[in-house]
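With compact mmCIF, C-alpha atoms inside, this is structure-v5.txt:
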# COMPACT_ATOMS: atom_id res chain seq x y z
CA MET A 1 134.05 -147.99 22.42
CA THR A 2 132.10 -145.36 20.50
CA ALA A 3 129.83 -145.95 17.57
CA PRO A 4 131.11 -144.70 14.25
CA GLY A 5 129.79 -141.30 13.19
CA PRO A 6 127.76 -140.69 10.03
CA ARG A 7 129.52 -140.91 6.72
CA LEU A 8 129.71 -137.51 5.08
CA THR A 9 128.73 -138.84 1.68
CA GLY A 10 125.51 -140.60 2.54
CA ASP A 11 124.06 -141.04 6.02
CA LEU A 12 124.39 -137.41 7.10
CA PHE A 13 122.02 -136.14 4.41
CA ALA A 14 119.94 -139.28 3.87
CA ASN A 15 116.98 -137.96 5.83
CA HIS A 16 117.19 -134.31 4.69
CA ARG A 17 113.66 -134.46 3.18
CA ASP A 18 112.21 -135.88 6.39
CA VAL A 19 113.95 -133.27 8.54
CA ASN A 20 112.79 -130.53 6.16
CA LEU A 21 109.20 -131.79 6.29
CA ALA A 22 109.19 -132.04 10.09
CA SER A 23 110.65 -128.57 10.54
CA THR A 24 108.17 -127.10 8.04
CA VAL A 25 105.23 -128.70 9.88
CA ALA A 26 106.52 -127.30 13.18
CA MET A 27 106.98 -123.83 11.65
CA ILE A 28 103.45 -123.83 10.17
CA GLU A 29 101.84 -124.95 13.40
CA ASP A 30 103.85 -122.47 15.46
CA LEU A 31 102.74 -119.65 13.16
CA LEU A 32 99.09 -120.74 13.33
CA VAL A 33 99.21 -120.71 17.13
CA GLU A 34 100.85 -117.29 17.04
CA HIS A 35 97.97 -116.07 14.84
CA GLY A 36 95.46 -117.27 17.42
CA TYR A 37 94.30 -120.48 15.78
CA PHE A 38 93.76 -123.72 17.72
CA LEU A 39 95.69 -126.52 16.01
CA ASN A 40 93.04 -129.18 16.63
CA ASP A 41 90.56 -126.95 14.79
CA CYS A 42 92.99 -126.27 11.93
CA ARG A 43 94.45 -129.67 11.13
CA ALA A 44 92.72 -131.14 8.11
CA ASP A 45 92.94 -134.33 6.11
CA LEU A 46 93.28 -132.77 2.67
CA PRO A 47 93.32 -135.33 -0.18
CA GLY A 48 96.64 -135.60 -2.01
CA THR A 49 98.67 -133.82 0.67
CA LEU A 50 101.40 -134.83 3.08
CA ARG A 51 99.87 -132.59 5.78
CA GLY A 52 97.11 -130.00 5.73
CA TRP A 53 95.45 -127.23 7.69
CA ARG A 54 92.35 -125.11 7.12
CA VAL A 55 91.83 -121.64 8.61
CA GLN A 56 89.11 -119.03 8.32
CA HIS A 57 89.95 -115.38 7.65
CA GLY A 58 86.93 -113.13 7.26
CA SER A 59 84.77 -114.70 4.56
CA ALA A 60 87.69 -116.70 3.12
CA THR A 61 88.60 -120.28 3.96
CA VAL A 62 92.33 -120.77 3.42
CA ARG A 63 93.97 -124.16 2.98
CA ILE A 64 97.61 -124.72 3.86
CA ALA A 65 99.01 -127.90 2.35
CA LEU A 66 102.32 -129.67 2.09
CA LEU A 67 102.50 -131.44 -1.24
CA ASP A 68 104.83 -134.26 -2.25
CA ARG A 69 107.02 -133.16 -5.16
CA ALA A 70 110.05 -134.80 -6.77
CA ASP A 71 112.63 -132.31 -5.50
CA PHE A 72 111.28 -131.35 -2.07
CA PRO A 73 107.83 -130.96 -0.58
CA HIS A 74 106.02 -127.81 -1.66
CA LEU A 75 103.99 -125.46 0.50
CA ARG A 76 100.73 -124.41 -1.13
CA ILE A 77 98.46 -121.83 0.45
CA ALA A 78 95.18 -121.46 -1.41
CA SER A 79 91.67 -120.18 -1.02
CA SER A 80 88.55 -120.72 -3.08
CA VAL A 81 87.40 -117.23 -3.93
CA MET A 82 84.19 -117.75 -5.89
CA ARG A 83 82.08 -120.04 -8.01
CA PRO A 84 80.83 -117.93 -10.91
CA ALA A 85 77.19 -118.06 -11.98
CA ARG A 86 76.53 -120.38 -14.93
CA ASP A 87 75.64 -117.48 -17.20
CA VAL A 88 78.72 -115.39 -16.31
CA ASP A 89 80.62 -113.73 -19.14
CA LYS A 90 83.68 -115.95 -18.74
CA ILE A 91 85.84 -113.90 -21.07
CA ALA A 92 85.17 -110.75 -19.04
CA LEU A 93 85.77 -112.59 -15.75
CA TYR A 94 89.01 -114.22 -16.91
CA ARG A 95 90.27 -110.96 -18.40
CA HIS A 96 89.56 -109.26 -15.08
CA LEU A 97 91.36 -112.01 -13.12
CA LEU A 98 94.41 -111.82 -15.40
CA THR A 99 94.49 -108.05 -15.00
CA LEU A 100 94.33 -108.48 -11.22
CA ASN A 101 97.15 -111.05 -11.37
CA ALA A 102 99.45 -108.43 -12.86
CA ALA A 103 98.98 -106.28 -9.75
CA LEU A 104 99.24 -109.06 -7.15
CA CYS A 105 102.48 -109.89 -5.38
CA GLY A 106 103.34 -113.47 -4.47
CA ALA A 107 99.96 -115.00 -5.33
CA ALA A 108 97.78 -115.52 -8.39
CA PHE A 109 94.25 -116.33 -9.41
CA ALA A 110 93.68 -119.71 -11.06
CA LEU A 111 90.88 -122.13 -11.81
CA ALA A 112 90.16 -125.40 -10.03
CA GLY A 113 87.38 -126.83 -12.14
CA ASP A 114 84.79 -124.05 -12.23
CA THR A 115 86.02 -122.44 -9.00
CA VAL A 116 88.23 -119.34 -8.97
CA VAL A 117 91.04 -119.87 -6.49
CA LEU A 118 93.84 -117.69 -5.21
CA CYS A 119 97.09 -119.52 -4.53
CA ALA A 120 100.74 -119.23 -3.66
CA GLU A 121 103.22 -122.09 -3.80
CA ARG A 122 106.94 -122.65 -3.23
CA ARG A 123 109.17 -125.52 -2.28
CA THR A 124 109.97 -125.94 1.38
CA LEU A 125 113.75 -126.06 0.98
CA ASP A 126 115.16 -122.93 2.65
CA LEU A 127 111.67 -121.69 3.56
CA ASP A 128 111.93 -119.36 6.50
CA ARG A 129 109.32 -118.15 8.96
CA SER A 130 109.02 -114.67 7.45
CA GLU A 131 108.29 -116.14 3.99
CA LEU A 132 105.70 -118.49 5.44
CA SER A 133 104.05 -115.66 7.36
CA GLU A 134 104.04 -113.41 4.30
CA MET A 135 102.51 -116.11 2.09
CA LEU A 136 99.75 -116.84 4.58
CA THR A 137 99.00 -113.18 5.25
CA ARG A 138 98.88 -112.33 1.53
CA VAL A 139 96.57 -115.17 0.54
CA GLN A 140 94.27 -114.50 3.49
CA ALA A 141 94.06 -110.78 2.76
CA TYR A 142 93.69 -111.10 -1.02
CA ALA A 143 91.05 -113.85 -0.76
CA ASP A 144 89.02 -111.95 1.83
CA ASP A 145 89.32 -108.68 -0.12
CA PHE A 146 88.45 -110.07 -3.56
CA ASP A 147 85.83 -112.74 -2.89
CA ASP A 148 82.90 -110.45 -2.12
CA ALA A 149 83.90 -107.93 -4.81
CA LEU A 150 84.13 -110.58 -7.53
CA VAL A 151 80.78 -112.12 -6.60
CA ALA A 152 79.18 -108.67 -6.54
CA GLU A 153 80.60 -107.79 -9.97
CA PHE A 154 80.20 -111.12 -11.81
CA GLY A 155 77.58 -113.04 -9.84
CA GLY A 156 77.88 -116.49 -8.36
CA GLU A 157 78.69 -117.48 -4.81
CA LEU A 158 81.60 -117.31 -2.41
CA GLY A 159 84.14 -120.05 -2.91
CA GLY A 160 83.85 -121.90 0.37
CA ASP A 161 86.37 -124.73 0.79
CA ALA A 162 87.06 -126.07 -2.71
CA ALA A 163 90.67 -124.86 -3.06

What would you get if you wrote out this structure as structure tokens?
Amino acid sequence: MTAPGPRLTGDLFANHRDVNLASTVAMIEDLLVEHGYFLNDCRADLPGTLRGWRVQHGSATVRIALLDRADFPHLRIASSVMRPARDVDKIALYRHLLTLNAALCGAAFALAGDTVVLCAERRTLDLDRSELSEMLTRVQAYADDFDDALVAEFGGELGGDAA
């Protein structure tokens, strides 16, 4: 006697979120290993996340996080770029960041408190390896390219790990 198979209307797709989350975690960790990172050094307990990782790229610390959202988990890759000096001309800095945003592809500058961050986010449904790799590569490159230049132009300090 064989056990009944899953019902097409319910059981088959009941754990789709869990399967999606597990496959996304595996894809992220596989990519990190491929990029030469050691997983035990990368895994991070990031507040408010389902899972998290932290990697260094040049002078930029990049956080990879899976966030719980209503539809599906979201992948967020972010890096703290700089903490402006207290006396910075904020209008000039923000105008510059918005101008830079217009030229960026797949990522944007934002504020997290007083810290300038660079981030990219998308839901994990239908995320493929090439998209994940592109997101990570872009955020790493942009953050490492812009952090020193922004601090040199506007003052302050490199962002560190506040993303």

Closest of A:Pro73, A:Ala110, A:Ser59, A:Ala152 to Tyr94 (chain A), counting all atoms listed in the file, is A:Ala110

What separates CA of Tyr37 (chain A) and CA of Gln56 (chain A) is a distance of 9.2 Å

Would you pick out the contacts of Ala143 (chain A) at 8 Å or less, using all atoms listed in the file, so that residues sharing its chain but fewer than 4 positions from it are not included, and give the list as JSON, numbers by chain? {"A": [60, 79, 80, 81, 118, 139, 147]}

Can you pull out the residues contacting Phe72 (chain A)? Cut-off 12 Å, using all atoms listed in the file, and skip same-chain residues under 3 positions away; I want them as an mmCIF file with C-alpha atoms, in the frame of the given file.
data_model
loop_
_atom_site.group_PDB
_atom_site.id
_atom_site.type_symbol
_atom_site.label_atom_id
_atom_site.label_comp_id
_atom_site.auth_asym_id
_atom_site.auth_seq_id
_atom_site.Cartn_x
_atom_site.Cartn_y
_atom_site.Cartn_z
ATOM 1 C CA ASN A 15 116.980 -137.960 5.830
ATOM 2 C CA HIS A 16 117.190 -134.310 4.690
ATOM 3 C CA ARG A 17 113.660 -134.460 3.180
ATOM 4 C CA ASP A 18 112.210 -135.880 6.390
ATOM 5 C CA VAL A 19 113.950 -133.270 8.540
ATOM 6 C CA ASN A 20 112.790 -130.530 6.160
ATOM 7 C CA LEU A 21 109.200 -131.790 6.290
ATOM 8 C CA THR A 24 108.170 -127.100 8.040
ATOM 9 C CA LEU A 50 101.400 -134.830 3.080
ATOM 10 C CA LEU A 66 102.320 -129.670 2.090
ATOM 11 C CA LEU A 67 102.500 -131.440 -1.240
ATOM 12 C CA ASP A 68 104.830 -134.260 -2.250
ATOM 13 C CA ARG A 69 107.020 -133.160 -5.160
ATOM 14 C CA LEU A 75 103.990 -125.460 0.500
ATOM 15 C CA ARG A 122 106.940 -122.650 -3.230
ATOM 16 C CA ARG A 123 109.170 -125.520 -2.280
ATOM 17 C CA THR A 124 109.970 -125.940 1.380
ATOM 18 C CA LEU A 125 113.750 -126.060 0.980
ATOM 19 C CA ASP A 126 115.160 -122.930 2.650
ATOM 20 C CA LEU A 127 111.670 -121.690 3.560
#

- Can you tell me, as a PyMOL selection string, what residues are no more than 8 Å from Arg83 (chain A) when counting only C-alpha atoms, ignoring any on the same chain fewer than 6 positions away? chain A and resi 114-116+156-159

Neighbour list for region 45-47 of chain A as a ChimeraX atom specification, cut-off 9 Å, all atoms listed in the file, skip fewer than 6 positions in-chain: /A:53-54,63,65

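Relative to CA of Leu104 (chain A), CA of Val117 (chain A) is found at 13.6 Å.
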
**Report entry** Length of the CA of Arg51 (chain A) to CA of Leu132 (chain A) vector [Å]
**Finding:**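 Going from CA of Arg51 (chain A) over to CA of Leu132 (chain A) covers 15.3 Å.
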
Padding of 8 Å on every side, edges along x, y and z, all listed atoms of region 47-65 of chain A included: what centre and edge lengths in Å, to one decimal, does that box have, as JSON?
{"center_x": 93.1, "center_y": -124.4, "center_z": 3.3, "size_x": 32.6, "size_y": 38.5, "size_z": 26.6}

Identify which of the residues A:Leu111, A:Ala120, A:Leu136, A:Cys105 lies closest to Pro84 (chain A), counting all atoms listed in the file when measuring atom-to-atom distances.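 Among A:Leu111, A:Ala120, A:Leu136, A:Cys105, it is A:Leu111 that comes nearest to Pro84 (chain A).
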
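Excluding Ser133 (chain A) and any residue on its chain fewer than 2 positions from it, the residues at most 10 Å away by all atoms listed in the file are A:Met27, A:Ile28, A:Leu31, A:Leu32, A:His35, A:Asp128, A:Arg129, A:Ser130, A:Glu131, A:Met135, A:Leu136, A:Thr137, A:Arg138.
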
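Minimum distance to His57 (chain A) across A:Asp71, A:Asp145, A:Asp41, A:Glu134 (counting all atoms listed in the file) occurs at A:Asp145.
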